[in-house]
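Comments concern the structure below.
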Amino acid sequence: MKKIIALFLQCFVLYAAHANIVLPSVIGSNMVLQQKSNNKIWGWGNPLEKVFVTTSWDNKTDSLVIPPEAGWAVTVHTPGAGGPYTITIKGNNTITLTNVLIGEVWVCSGQSNMEMSYGWGIPIMKEDVPKAFNNNIHFFTVAKASSQYPQNDCKGEWSVCDSNTVKAFSAAAYYFGKRLNAELNIPIGLINTSWGATAAEVWTPQDVVESDAVLKEAAAKIQPNPYCAIKPGSVYNTMLFPLLNYNIAGAIWYQGESNTGTAATYKQLFTTMISSWRTAWNKNLPFYYVQIAPFAYGNNYKGALLREAQTQSMSLANTGMVVITDITGDTTDIHPKNKRDVGLRLAGWALAETYHLPNIIYKNALYKSMAVKDGKAVISFDNAGGGLTCADKVITQLYIAGDDKMFYPAQATIDHDKLVVWSAQVTHPVAVRYAFGNTAIGNLFGPGSLPVNNFRTDDWPVVAN
């Protein structure tokens, strides 16, 4: 028996001495690296093995000796956008990564509306799929997984955008990347890490949630779901943590439906999640997100309160929100089919705020303040400099209340960038609500024909359940 054990150990040592260099899945052929920045190339190998990394854009070779922990990393500096390039990693074995592009890399995350692809039934994509091939747009989809502990790697593979790969990729993310590529004329890398039905808590580090009494209490209210993980941090550990060494430009997000039951704490949760991502990446990531669409949740205000919390979350710097009430369609379907305009509107935020392109109309008109004049409420807006318009003859989804807090249907007229609201039943206006309900869809629009965001001027208690 001792001889057998000795022979086993000898074989193990011989194998270990010639162990191959292994890379994480996100470091591979077809990947896109962030331009004009430091990017990590990392992996695992045998301790004391020497690793050489050569990049074709500058023919520079970096080297290191793998430390005892067996993990290694080198930092390479990328030039401006371009490619394709190769990267060669050499140790006991040699790996050559091909069709590597340099451009802008975005993480695309959330629940089912971000995950939703052509195969889910998106008619608007039919005309785009046959002509989708574009070697300047590359995809990486993180496989669904959860864990109690942070993981070093995830399952996935970089691919070139074409008529086959686009069908299985996030539709909203695809259209986001397509517009960026068209207007910036540089390669775009899109990392889709999304999971239907997930609450924001699972995308937030567990210690961050559980160290806050308010967030911990809200997380405890998440109901078991046969389709996804529900424990705080469990998806962050497997679908985000393995990406943290990968340099990115920013993130887009489409989620919120699974948090409507705890809308009162969503602003705190959401802004905390964003801040935790920024801390993890050590970068003030631009973060642009989609407001959830009107949907029949079963009561009057559950969805409205979540949309309100998402609006309030823009108080966190370097964030932006897309409103999609005008492209929602069927309010009995929680998955609106028009993901093209969702992606294009998200791209508008990035093009204007991150890449500073001029003449991009991308902001929805947002409620700013209310004044009372001659028995009428005068509503002022941010982002309404070009004036307001109504899609119909009569402005709908408007309600007004006095001191008794009883809301009545209101009439209104547009005064350029202001809204004048009144009702014969309310002589002294105190509050106005517009499209404030689960399925409410208004007909007011601001610059660029973007819908005016739903709002309420009051902060009166609302029963959400």
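Residue numbers start at 1 in each chain; chains themselves are named A, B, ... in the order of the structure tokens; ligands are numbered from 1 in the order shown.
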Would you write out, as JSON lines, a table of all residues in stretch 248-272 of chain A that have an atom no more than 7 Å from an atom of stretch 279-288 of chain A, listing for each the closest atom pair and the distance in Å to one decimal, considering only C-alpha atoms and ordering rows by chain and rising residue number?
```
{"residue": "A:Ala249", "atom": "CA", "partner": "A:Leu285", "partner_atom": "CA", "distance": 6.8}
{"residue": "A:Gly250", "atom": "CA", "partner": "A:Pro286", "partner_atom": "CA", "distance": 4.8}
{"residue": "A:Ala251", "atom": "CA", "partner": "A:Phe287", "partner_atom": "CA", "distance": 5.0}
{"residue": "A:Ile252", "atom": "CA", "partner": "A:Tyr288", "partner_atom": "CA", "distance": 4.8}
{"residue": "A:Trp253", "atom": "CA", "partner": "A:Tyr288", "partner_atom": "CA", "distance": 6.3}
```
How would the residues just picked look written out with N, CA and C atoms as an mmCIF file, in the first residue's frame?
```
data_model
loop_
_atom_site.group_PDB
_atom_site.id
_atom_site.type_symbol
_atom_site.label_atom_id
_atom_site.label_comp_id
_atom_site.auth_asym_id
_atom_site.auth_seq_id
_atom_site.Cartn_x
_atom_site.Cartn_y
_atom_site.Cartn_z
ATOM 1 N N ALA A 249 -16.383 49.698 -19.189
ATOM 2 C CA ALA A 249 -16.705 51.119 -19.298
ATOM 3 C C ALA A 249 -17.848 51.507 -18.372
ATOM 4 N N GLY A 250 -18.836 50.596 -18.215
ATOM 5 C CA GLY A 250 -20.010 50.911 -17.409
ATOM 6 C C GLY A 250 -20.984 49.757 -17.404
ATOM 7 N N ALA A 251 -22.182 50.024 -16.887
ATOM 8 C CA ALA A 251 -23.191 48.975 -16.757
ATOM 9 C C ALA A 251 -24.562 49.506 -17.133
ATOM 10 N N ILE A 252 -25.374 48.614 -17.732
ATOM 11 C CA ILE A 252 -26.796 48.902 -17.936
ATOM 12 C C ILE A 252 -27.590 47.848 -17.175
ATOM 13 N N TRP A 253 -28.804 48.199 -16.772
ATOM 14 C CA TRP A 253 -29.559 47.387 -15.820
ATOM 15 C C TRP A 253 -31.041 47.444 -16.160
#
```
Residues of stretch 127-343 of chain A classed as alpha helix (DSSP H) by DSSP on the backbone are to be reported as number ranges by chain. A: 171-184, 206-210, 213-219, 236-239, 266-281, 302-312, 339-343
Do you know which residues are at most 12 Å from A:Pro123 counting only C-alpha atoms, after dropping those on the same chain fewer than 2 positions away, and could you put them as JSON, numbers by chain? {"A": [117, 118, 119, 120, 121, 125, 126, 127, 128, 129, 167, 171, 336, 337, 338, 339, 340]}
Skipping near chain neighbours, those fewer than 3 positions away, what residues fall within 7 Å of stretch 50-63 of chain A using only C-alpha atoms, listed as JSON, numbers by chain? {"A": [66, 85, 86, 87, 88, 89, 90, 91]}
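Taking atom CA of A:Lys40 and atom CA of A:Ser159 as the two end points, the separation is 19.9 Å.
With only C-alpha atoms as the atoms that count, the residue of A:Val372, A:Met114, A:Ala213, A:Leu316 with the shortest distance to A:Ser275 is A:Leu316.
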